[in-house]
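Visitor: To be precise about what I am sending: the file is called start.txt and holds compact mmCIF, C-alpha atoms and all ligand atoms.
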# COMPACT_ATOMS: atom_id res chain seq x y z
CA MET A 28 37.92 160.67 48.32
CA SER A 29 35.99 157.82 46.76
CA LEU A 30 33.40 158.61 44.13
CA PHE A 31 31.03 156.07 45.66
CA ARG A 32 31.01 154.72 49.18
CA ILE A 33 28.90 152.11 50.96
CA GLU A 34 29.14 152.20 54.75
CA GLY A 35 27.85 149.54 57.11
CA LEU A 36 24.95 148.55 54.87
CA VAL A 37 22.48 146.08 56.39
CA LYS A 38 19.40 144.38 54.91
CA ARG A 39 17.39 141.74 56.73
CA PHE A 40 14.69 139.50 55.30
CA GLY A 41 13.05 138.19 58.45
CA GLY A 42 15.83 136.36 60.29
CA LEU A 43 18.15 136.31 57.26
CA LEU A 44 20.96 138.89 57.02
CA ALA A 45 21.07 139.23 53.21
CA THR A 46 23.41 142.25 53.48
CA ASP A 47 25.63 142.01 56.54
CA HIS A 48 27.38 145.31 57.35
CA VAL A 49 28.84 145.79 53.88
CA ASP A 50 31.54 148.42 53.28
CA LEU A 51 32.69 149.06 49.72
CA THR A 52 34.19 151.94 47.72
CA VAL A 53 34.36 152.60 43.98
CA GLU A 54 36.91 155.12 42.74
CA GLN A 55 36.70 157.38 39.72
CA GLY A 56 38.08 155.51 36.68
CA GLU A 57 37.72 152.11 38.36
CA VAL A 58 35.83 149.00 37.32
CA HIS A 59 34.96 147.36 40.63
CA ALA A 60 33.51 143.86 40.31
CA LEU A 61 31.17 142.30 42.82
CA ILE A 62 31.34 138.52 42.78
CA GLY A 63 30.08 135.69 44.95
CA PRO A 64 28.26 132.37 44.76
CA ASN A 65 24.50 132.11 44.22
CA GLY A 66 22.59 133.56 47.14
CA ALA A 67 25.59 135.61 48.36
CA GLY A 68 23.45 138.75 48.26
CA LYS A 69 24.61 140.45 45.05
CA THR A 70 21.12 141.19 43.74
CA THR A 71 20.03 142.48 47.14
CA LEU A 72 23.04 144.81 47.24
CA VAL A 73 22.33 146.07 43.71
CA ASN A 74 18.72 146.74 44.69
CA LEU A 75 19.84 148.62 47.80
CA ILE A 76 22.26 150.72 45.73
CA SER A 77 19.73 151.57 43.03
CA GLY A 78 17.02 152.36 45.58
CA LEU A 79 14.60 149.52 44.85
CA LEU A 80 15.01 148.29 48.44
CA PRO A 81 15.41 150.37 51.63
CA PRO A 82 18.32 149.32 53.89
CA ASP A 83 17.84 148.58 57.60
CA ALA A 84 21.08 150.39 58.43
CA GLY A 85 24.07 152.02 56.76
CA ARG A 86 24.72 154.74 54.23
CA LEU A 87 25.35 155.21 50.51
CA LEU A 88 27.32 158.25 49.34
CA ILE A 89 28.13 159.61 45.88
CA ASP A 90 30.79 162.34 45.98
CA GLU A 91 30.14 162.58 49.73
CA ARG A 92 26.45 163.25 49.09
CA ASP A 93 24.29 160.94 51.20
CA ILE A 94 21.78 159.31 48.82
CA THR A 95 20.48 156.67 51.27
CA ALA A 96 17.06 158.28 51.61
CA LEU A 97 16.62 159.18 47.92
CA PRO A 98 14.08 157.23 45.84
CA ALA A 99 15.44 155.37 42.79
CA HIS A 100 14.61 158.06 40.21
CA GLN A 101 16.33 160.78 42.25
CA ARG A 102 19.49 158.67 42.51
CA VAL A 103 19.80 158.97 38.74
CA GLY A 104 19.91 162.76 39.20
CA ALA A 105 22.64 162.27 41.81
CA GLY A 106 24.80 160.47 39.21
CA LEU A 107 23.82 156.82 39.48
CA SER A 108 22.67 154.89 36.42
CA ARG A 109 21.86 151.21 36.20
CA CYS A 110 21.76 148.63 33.45
CA PHE A 111 19.31 145.86 34.06
CA GLN A 112 19.61 142.11 33.86
CA VAL A 113 16.21 142.33 32.22
CA THR A 114 16.62 144.88 29.51
CA ARG A 115 14.46 148.01 29.46
CA VAL A 116 14.78 148.61 25.71
CA PHE A 117 11.48 149.42 23.97
CA ALA A 118 11.37 146.45 21.61
CA ARG A 119 8.91 147.96 19.10
CA GLU A 120 10.77 151.26 18.70
CA THR A 121 13.83 151.90 16.56
CA VAL A 122 17.30 152.20 18.07
CA HIS A 123 17.21 155.94 17.38
CA ASP A 124 13.78 156.42 18.98
CA ASN A 125 14.88 154.50 22.08
CA LEU A 126 17.88 156.80 22.39
CA MET A 127 15.79 159.94 21.73
CA LEU A 128 13.41 158.98 24.54
CA ALA A 129 16.36 158.50 26.88
CA VAL A 130 18.13 161.77 26.02
CA GLN A 131 14.83 163.67 26.23
CA ALA A 132 14.17 162.21 29.67
CA HIS A 133 17.54 163.44 30.89
CA ALA A 134 17.73 166.74 28.98
CA GLY A 135 18.83 169.37 31.45
CA SER A 136 17.16 172.69 32.06
CA SER A 137 19.55 174.29 29.54
CA MET A 138 17.54 172.59 26.78
CA ARG A 139 14.41 174.47 27.77
CA PHE A 140 16.03 177.78 26.82
CA LEU A 141 16.91 176.63 23.34
CA ALA A 142 14.53 177.29 20.46
CA ALA A 143 12.47 174.23 19.64
CA ARG A 144 14.37 173.40 16.47
CA SER A 145 17.90 173.77 17.84
CA GLY A 146 16.83 171.95 20.99
CA GLU A 147 15.61 169.04 18.86
CA ARG A 148 18.83 169.08 16.85
CA ALA A 149 20.90 168.95 20.04
CA LEU A 150 18.93 165.93 21.25
CA VAL A 151 19.35 164.14 17.90
CA GLU A 152 23.11 164.79 18.07
CA GLN A 153 23.24 163.34 21.58
CA ALA A 154 21.25 160.27 20.50
CA GLU A 155 23.58 159.74 17.52
CA ALA A 156 26.67 160.18 19.69
CA LEU A 157 25.35 157.52 22.09
CA ALA A 158 24.66 155.11 19.22
CA GLU A 159 28.22 155.60 18.01
CA ARG A 160 29.61 155.21 21.53
CA VAL A 161 28.18 151.68 21.78
CA GLY A 162 28.75 150.70 18.14
CA LEU A 163 25.14 150.89 16.95
CA SER A 164 25.28 153.74 14.41
CA ALA A 165 24.64 151.37 11.51
CA GLU A 166 21.53 150.03 13.29
CA ARG A 167 19.98 153.48 13.82
CA ASP A 168 16.67 152.71 12.11
CA ARG A 169 16.34 149.09 13.11
CA ILE A 170 13.50 148.02 15.39
CA ALA A 171 15.26 147.36 18.67
CA GLY A 172 13.49 144.05 19.29
CA THR A 173 14.95 142.61 16.07
CA LEU A 174 18.58 143.27 17.10
CA PRO A 175 20.75 140.35 18.24
CA HIS A 176 20.88 139.92 22.02
CA GLY A 177 24.34 141.49 22.36
CA ALA A 178 23.30 144.59 20.44
CA GLN A 179 20.20 144.97 22.64
CA ARG A 180 22.42 144.89 25.71
CA ALA A 181 24.68 147.50 24.12
CA LEU A 182 21.59 149.65 23.52
CA ASP A 183 20.64 149.20 27.18
CA VAL A 184 24.09 150.50 28.14
CA ALA A 185 23.56 153.50 25.83
CA LEU A 186 20.22 154.22 27.53
CA ALA A 187 22.00 154.21 30.91
CA LEU A 188 24.69 156.53 29.52
CA ALA A 189 22.04 159.05 28.46
CA ALA A 190 21.79 160.00 32.15
CA LYS A 191 25.51 160.96 32.09
CA PRO A 192 26.22 158.85 35.17
CA ARG A 193 29.19 159.25 37.50
CA LEU A 194 28.62 155.67 38.70
CA LEU A 195 27.35 153.02 36.30
CA LEU A 196 25.88 149.88 37.80
CA LEU A 197 26.10 146.92 35.41
CA ASP A 198 24.06 143.91 36.47
CA GLU A 199 25.25 140.85 34.54
CA PRO A 200 25.85 142.64 31.23
CA MET A 201 27.27 139.46 29.63
CA ALA A 202 24.33 137.23 30.63
CA GLY A 203 23.21 135.04 27.73
CA MET A 204 26.00 136.20 25.40
CA GLY A 205 28.22 134.13 23.14
CA PRO A 206 32.00 134.68 23.14
CA ASP A 207 32.00 137.32 20.36
CA GLU A 208 29.23 139.35 21.98
CA SER A 209 30.98 139.08 25.36
CA ALA A 210 34.24 140.31 23.86
CA ARG A 211 32.46 143.32 22.37
CA MET A 212 30.79 144.11 25.71
CA VAL A 213 34.15 143.83 27.51
CA ALA A 214 35.64 146.33 25.04
CA LEU A 215 32.68 148.67 25.50
CA ILE A 216 32.92 148.57 29.31
CA ALA A 217 36.69 149.09 29.14
CA SER A 218 36.14 152.16 26.96
CA LEU A 219 33.79 153.71 29.54
CA ARG A 220 36.19 153.34 32.45
CA SER A 221 37.96 156.67 32.00
CA GLU A 222 34.69 158.61 32.14
CA MET A 223 32.94 157.09 35.14
CA ALA A 224 33.19 154.63 37.98
CA ILE A 225 31.69 151.22 37.23
CA LEU A 226 30.32 148.61 39.61
CA LEU A 227 30.11 145.33 37.71
CA ILE A 228 28.14 142.29 38.82
CA GLU A 229 29.01 139.43 36.49
CA HIS A 230 29.26 135.65 36.52
CA ASP A 231 31.64 135.50 33.53
CA MET A 232 34.94 135.27 35.41
CA ASP A 233 37.09 135.77 32.28
CA ALA A 234 35.34 139.08 31.67
CA VAL A 235 35.57 140.05 35.35
CA PHE A 236 39.29 139.35 35.57
CA ARG A 237 39.94 141.20 32.33
CA LEU A 238 38.01 144.32 33.36
CA ALA A 239 38.15 144.76 37.11
CA ASN A 240 40.73 146.95 38.83
CA ARG A 241 39.45 145.57 42.13
CA LEU A 242 36.99 142.88 43.13
CA THR A 243 34.85 142.45 46.20
CA VAL A 244 33.89 138.90 47.09
CA LEU A 245 30.55 138.59 48.83
CA VAL A 246 29.68 135.43 50.77
CA GLN A 247 26.48 135.03 52.80
CA GLY A 248 25.87 138.77 52.72
CA ARG A 249 29.35 139.64 54.02
CA VAL A 250 32.44 141.00 52.32
CA LEU A 251 34.95 138.15 52.35
CA MET A 252 37.64 140.33 50.80
CA THR A 253 38.35 143.22 48.45
CA GLY A 254 41.47 143.16 46.30
CA THR A 255 43.04 143.08 42.86
CA ALA A 256 42.41 140.15 40.52
CA ASP A 257 45.69 138.52 41.61
CA GLU A 258 44.92 138.99 45.30
CA VAL A 259 41.45 137.51 44.88
CA ARG A 260 42.66 134.60 42.73
CA GLY A 261 45.38 133.76 45.22
CA HIS A 262 43.24 133.95 48.35
CA PRO A 263 42.63 130.44 49.73
CA ASP A 264 39.22 131.33 51.20
CA VAL A 265 38.02 132.61 47.83
CA GLN A 266 39.14 129.47 46.07
CA ALA A 267 37.37 127.34 48.66
CA VAL A 268 34.18 129.36 48.96
CA TYR A 269 33.69 130.83 45.53
CA LEU A 270 35.87 129.51 42.76
CA GLY A 271 35.31 126.00 44.13
CA THR A 272 31.57 126.25 43.59
CA GLU A 273 32.24 127.85 40.21
CA ALA A 274 34.15 124.75 39.09
CA GLU A 275 31.17 122.64 40.11
CA GLY A 276 28.99 124.19 37.47
CA HIS A 277 27.75 127.44 39.02
CA SER A 278 26.49 129.65 36.19
N1 LIG B 301 12.60 139.51 49.03
C1 LIG B 301 13.24 138.57 49.72
N2 LIG B 301 12.67 137.97 50.79
C2 LIG B 301 13.30 137.03 51.50
N3 LIG B 301 14.54 136.60 51.22
C3 LIG B 301 15.18 137.13 50.16
C4 LIG B 301 14.57 138.15 49.36
N4 LIG B 301 15.44 138.50 48.37
C5 LIG B 301 16.54 137.75 48.57
N5 LIG B 301 16.39 136.93 49.63
C6 LIG B 301 17.39 136.00 50.17
O1 LIG B 301 18.57 136.75 50.42
C7 LIG B 301 19.74 136.00 50.06
C8 LIG B 301 20.54 136.77 49.01
O2 LIG B 301 19.84 136.73 47.78
P1 LIG B 301 20.33 137.49 46.46
O3 LIG B 301 19.32 137.25 45.40
O4 LIG B 301 20.64 138.89 46.80
O5 LIG B 301 21.69 136.70 46.13
P2 LIG B 301 22.57 136.77 44.81
O6 LIG B 301 23.98 136.80 45.26
O7 LIG B 301 22.12 137.84 43.94
O8 LIG B 301 22.29 135.38 44.16
P3 LIG B 301 22.08 135.06 42.60
O9 LIG B 301 23.45 135.03 42.04
O10 LIG B 301 21.43 133.70 42.68
O11 LIG B 301 21.19 136.10 42.05
C9 LIG B 301 19.25 134.64 49.58
O12 LIG B 301 19.33 133.76 50.67
C10 LIG B 301 17.80 134.91 49.19
O13 LIG B 301 17.02 133.75 49.36
Before we go any further, please render this structure as structure tokens.
Guide:
Amino acid sequence: MSLFRIEGLVKRFGGLLATDHVDLTVEQGEVHALIGPNGAGKTTLVNLISGLLPPDAGRLLIDERDITALPAHQRVGAGLSRCFQVTRVFARETVHDNLMLAVQAHAGSSMRFLAARSGERALVEQAEALAERVGLSAERDRIAGTLPHGAQRALDVALALAAKPRLLLLDEPMAGMGPDESARMVALIASLRSEMAILLIEHDMDAVFRLANRLTVLVQGRVLMTGTADEVRGHPDVQAVYLGTEAEGHS
């Protein structure tokens, strides 16, 4: 049984089929990459998954629970957490305060039965554990907006992890990063794999091929193929349609 399943998903914009009967599964412990040339429909699919857009047909299931009709915020409760291409970090707050806001927002009902002081302590411990998880413990008291870009993206991942997701949706986590920052983000994503399923949308093909157990290639809204890195690399249609455009300077 797949942790996450997309069945026959369709999205039309007027006469354009931006999502054309897409089927896709993500297994527990898997990094599944979604790739495709510009305009293939990756952003539309991400918006359908996170609930920012309603589909015209099809279903989305987490652990066999149908989440198709749930609004975005309720999908988080169902186990879906998203990192954004545009970061949602509060730039004027410290790293620690950003994390405290996130863990408070997701504190379960069990917290309400704790005395105020031990409840607060438990939240602080969670915030500190998240900072450590993404390598930001030393930056605890830094104003988030003053962190280097890569560290801000790591903080964004930590904010998504505060929801304790079963499926983490990463939308171009390496965007705008230099090689060192990318390498750190690759290591971070790899370290999360055992705890959750990850759907990764990323243009950095080195990172994708290093991380992904399977890849789905999207072209004009349709799934061209799903396979391992070797299967995708070796597929003549992929080389023609996708990697060909990549070599011509697609970012
Ligand atoms: N709100 C909208 N209204 C009309 N057409 C749209 C809308 N959003 C996306 N499209 C169209 O749907 C198609 C898929 O776009 P989408 O942004 O999902 O592609 P993408 O693979 O994410 O591309 P990129 O890598 O450039 O972000 C494109 O042809 C785009 O012009």
Visitor: Using 10 Å as the limit and counting only C-alpha atoms, can you tabulate each residue of stretch 40-65 of chain A that touches stretch 73-84 of chain A, with its shortest atom-to-atom distance in Å and the two atoms involved, as JSON lines?
Guide:
{"residue": "A:Phe40", "atom": "CA", "partner": "A:Asp83", "partner_atom": "CA", "distance": 9.9}
{"residue": "A:Thr46", "atom": "CA", "partner": "A:Pro82", "partner_atom": "CA", "distance": 8.7}
{"residue": "A:Asp47", "atom": "CA", "partner": "A:Ala84", "partner_atom": "CA", "distance": 9.7}
{"residue": "A:His48", "atom": "CA", "partner": "A:Ala84", "partner_atom": "CA", "distance": 8.2}
{"residue": "A:Leu61", "atom": "CA", "partner": "A:Val73", "partner_atom": "CA", "distance": 9.7}
Visitor: Could you take the residues named above and write them with C-alpha atoms, as an mmCIF file, in the frame of the given file?
Guide:
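The new file part_15.cif reads:
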data_model
loop_
_atom_site.group_PDB
_atom_site.id
_atom_site.type_symbol
_atom_site.label_atom_id
_atom_site.label_comp_id
_atom_site.auth_asym_id
_atom_site.auth_seq_id
_atom_site.Cartn_x
_atom_site.Cartn_y
_atom_site.Cartn_z
ATOM 1 C CA PHE A 40 14.690 139.500 55.300
ATOM 2 C CA THR A 46 23.410 142.250 53.480
ATOM 3 C CA ASP A 47 25.630 142.010 56.540
ATOM 4 C CA HIS A 48 27.380 145.310 57.350
ATOM 5 C CA LEU A 61 31.170 142.300 42.820
#
Visitor: Please report, as a Markdown table, each residue of chain A lying at most 6 Å from ligand LIG 301 (chain B), together with the nearest pair of atoms and the separation in Å rounded to one decimal; use only C-alpha atoms and all ligand atoms, and order rows by chain and ascending residue number.
Guide:
| residue | atom | partner | partner_atom | distance |
| --- | --- | --- | --- | --- |
| A:Phe40 | CA | B:LIG301 | C2 | 4.7 |
| A:Ala45 | CA | B:LIG301 | O1 | 4.5 |
| A:Asn65 | CA | B:LIG301 | O10 | 3.8 |
| A:Gly66 | CA | B:LIG301 | O5 | 3.4 |
| A:Ala67 | CA | B:LIG301 | O6 | 3.7 |
| A:Gly68 | CA | B:LIG301 | O4 | 3.2 |
| A:Lys69 | CA | B:LIG301 | O6 | 3.7 |
| A:Thr70 | CA | B:LIG301 | O7 | 3.5 |
| A:Thr71 | CA | B:LIG301 | O4 | 3.7 |
Visitor: For a test of reading the model, state the distance in Å between atom CA of A:Gln153 and atom CA of A:Ile89, rounded to one decimal.
Guide: 25.1 Å
Visitor: Can you work out the spacing between atom CA of A:Val151 and atom CA of A:His123 in Å, to one decimal?
Guide: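 Here the two named atoms are 8.5 Å from each other.
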Visitor: Quick one: residues within 10 Å of stretch 176-182 of chain A, all atoms listed in the file, excluding same-chain residues fewer than 5 positions away - as a PyMOL selection string?
Guide: chain A and resi 110-118+122-123+125-126+157-158+160-163+166+171+187-188+200-205+207-209+211-212+215-216
Visitor: Of the residues A:Arg109, A:Arg102, A:Arg241, A:Arg260, which is the one nearest to A:Asp198, using all atoms listed in the file?
Guide: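 Selected residue with least distance to A:Asp198: A:Arg109.
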Visitor: Need the shell around A:Arg86: protein/DNA/RNA residues with any atom at most 7 Å away, counting all atoms listed in the file. Skip same-chain ones fewer than 6 positions apart. Format as a list in words?
Guide: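 Surrounding residues, per the criterion: Ile33, Glu34, Gly35, Leu36, Asp93 and Thr95 of chain A.
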Visitor: Just the selected residues (C-alpha atoms), exported as an mmCIF file, in the coordinates of the input, please.
Guide:
data_model
loop_
_atom_site.group_PDB
_atom_site.id
_atom_site.type_symbol
_atom_site.label_atom_id
_atom_site.label_comp_id
_atom_site.auth_asym_id
_atom_site.auth_seq_id
_atom_site.Cartn_x
_atom_site.Cartn_y
_atom_site.Cartn_z
ATOM 1 C CA ILE A 33 28.900 152.110 50.960
ATOM 2 C CA GLU A 34 29.140 152.200 54.750
ATOM 3 C CA GLY A 35 27.850 149.540 57.110
ATOM 4 C CA LEU A 36 24.950 148.550 54.870
ATOM 5 C CA ASP A 93 24.290 160.940 51.200
ATOM 6 C CA THR A 95 20.480 156.670 51.270
#
Visitor: Find the distance between atom CA of A:Glu91 and atom CA of A:Ala105 and write it in Å to one decimal.
Guide: 10.9 Å
Visitor: Go through A:Val184, A:Ile94, A:Ala189, A:Leu88 one by one, measure the shortest atom-to-atom distance of each to A:Met127 using all atoms listed in the file, and give the residue with the smallest value.
Guide: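 Distance minimum relative to A:Met127 lands on A:Ala189.
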Visitor: Using only C-alpha atoms, which of A:Glu199, A:Leu251, A:Ala256, A:Ala214 sits nearest A:Ala239?
Guide: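 For A:Ala239, the nearest of the candidates is A:Ala256.
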Visitor: For A:Leu194, which residue among A:Asp124, A:Asp90, A:Glu258, A:Glu152 is the nearest when counting only C-alpha atoms?
Guide: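 Using only C-alpha atoms, A:Leu194 sits closest to A:Asp90.
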Visitor: Could you check the closest approach to A:Leu238 for each of A:Gly261, A:Gly56, A:Gly146, A:Gly41 and tell me which residue wins, using all atoms listed in the file?
Guide: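 Under the stated criterion, the closest residue is A:Gly56.
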Visitor: Rank A:Leu128, A:Leu72, A:Leu195, A:Ala267 by their smallest atom-to-atom distance to A:Leu245, using only C-alpha atoms, and report the top residue only.
Guide: A:Leu72
Visitor: Could you check which residues have any atom within 7 Å of (24.5, 155.3, 37.8), counting all atoms listed in the file with coordinates taken straight from the file, and then list them as a PyMOL selection string?
Guide: chain A and resi 103+106-109+192-196
Visitor: Please, could N, CA and C atoms be added to stretch 159-177 of chain A and the result written as a PDB file, keeping the file's coordinate frame?
Guide:
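Contents of the output file rebuild-v1.pdb:
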ATOM      1  N   GLU A 159      26.848 155.816  18.444  1.00  0.00           N
ATOM      2  CA  GLU A 159      28.220 155.600  18.010  1.00  0.00           C
ATOM      3  C   GLU A 159      29.077 155.051  19.155  1.00  0.00           C
ATOM      4  N   ARG A 160      28.851 155.606  20.334  1.00  0.00           N
ATOM      5  CA  ARG A 160      29.610 155.210  21.530  1.00  0.00           C
ATOM      6  C   ARG A 160      29.534 153.707  21.787  1.00  0.00           C
ATOM      7  N   VAL A 161      28.361 153.111  21.499  1.00  0.00           N
ATOM      8  CA  VAL A 161      28.180 151.680  21.780  1.00  0.00           C
ATOM      9  C   VAL A 161      28.184 150.834  20.500  1.00  0.00           C
ATOM     10  N   GLY A 162      28.588 151.451  19.384  1.00  0.00           N
ATOM     11  CA  GLY A 162      28.750 150.700  18.140  1.00  0.00           C
ATOM     12  C   GLY A 162      27.454 150.345  17.441  1.00  0.00           C
ATOM     13  N   LEU A 163      26.428 151.203  17.576  1.00  0.00           N
ATOM     14  CA  LEU A 163      25.140 150.890  16.950  1.00  0.00           C
ATOM     15  C   LEU A 163      24.716 151.909  15.882  1.00  0.00           C
ATOM     16  N   SER A 164      25.651 152.711  15.397  1.00  0.00           N
ATOM     17  CA  SER A 164      25.280 153.740  14.410  1.00  0.00           C
ATOM     18  C   SER A 164      24.635 153.128  13.171  1.00  0.00           C
ATOM     19  N   ALA A 165      25.153 151.982  12.738  1.00  0.00           N
ATOM     20  CA  ALA A 165      24.640 151.370  11.510  1.00  0.00           C
ATOM     21  C   ALA A 165      23.234 150.805  11.716  1.00  0.00           C
ATOM     22  N   GLU A 166      22.834 150.634  12.978  1.00  0.00           N
ATOM     23  CA  GLU A 166      21.530 150.030  13.290  1.00  0.00           C
ATOM     24  C   GLU A 166      20.489 151.085  13.653  1.00  0.00           C
ATOM     25  N   ARG A 167      20.808 152.346  13.381  1.00  0.00           N
ATOM     26  CA  ARG A 167      19.980 153.480  13.820  1.00  0.00           C
ATOM     27  C   ARG A 167      18.484 153.267  13.624  1.00  0.00           C
ATOM     28  N   ASP A 168      18.094 152.789  12.436  1.00  0.00           N
ATOM     29  CA  ASP A 168      16.670 152.710  12.110  1.00  0.00           C
ATOM     30  C   ASP A 168      16.085 151.309  12.279  1.00  0.00           C
ATOM     31  N   ARG A 169      16.856 150.442  12.883  1.00  0.00           N
ATOM     32  CA  ARG A 169      16.340 149.090  13.110  1.00  0.00           C
ATOM     33  C   ARG A 169      15.413 149.051  14.319  1.00  0.00           C
ATOM     34  N   ILE A 170      14.372 148.225  14.233  1.00  0.00           N
ATOM     35  CA  ILE A 170      13.500 148.020  15.390  1.00  0.00           C
ATOM     36  C   ILE A 170      14.304 147.277  16.447  1.00  0.00           C
ATOM     37  N   ALA A 171      14.329 147.855  17.644  1.00  0.00           N
ATOM     38  CA  ALA A 171      15.260 147.360  18.670  1.00  0.00           C
ATOM     39  C   ALA A 171      15.058 145.875  18.969  1.00  0.00           C
ATOM     40  N   GLY A 172      13.786 145.440  18.964  1.00  0.00           N
ATOM     41  CA  GLY A 172      13.490 144.050  19.290  1.00  0.00           C
ATOM     42  C   GLY A 172      14.035 143.048  18.288  1.00  0.00           C
ATOM     43  N   THR A 173      14.414 143.523  17.091  1.00  0.00           N
ATOM     44  CA  THR A 173      14.950 142.610  16.070  1.00  0.00           C
ATOM     45  C   THR A 173      16.478 142.535  16.115  1.00  0.00           C
ATOM     46  N   LEU A 174      17.107 143.315  16.992  1.00  0.00           N
ATOM     47  CA  LEU A 174      18.580 143.270  17.100  1.00  0.00           C
ATOM     48  C   LEU A 174      19.003 141.974  17.780  1.00  0.00           C
ATOM     49  N   PRO A 175      20.216 141.485  17.472  1.00  0.00           N
ATOM     50  CA  PRO A 175      20.750 140.350  18.240  1.00  0.00           C
ATOM     51  C   PRO A 175      20.859 140.728  19.716  1.00  0.00           C
ATOM     52  N   HIS A 176      20.866 139.714  20.565  1.00  0.00           N
ATOM     53  CA  HIS A 176      20.880 139.920  22.020  1.00  0.00           C
ATOM     54  C   HIS A 176      21.991 140.886  22.467  1.00  0.00           C
ATOM     55  N   GLY A 177      23.199 140.664  21.945  1.00  0.00           N
ATOM     56  CA  GLY A 177      24.340 141.490  22.360  1.00  0.00           C
ATOM     57  C   GLY A 177      24.136 142.953  22.026  1.00  0.00           C
TER      58      GLY A 177
END
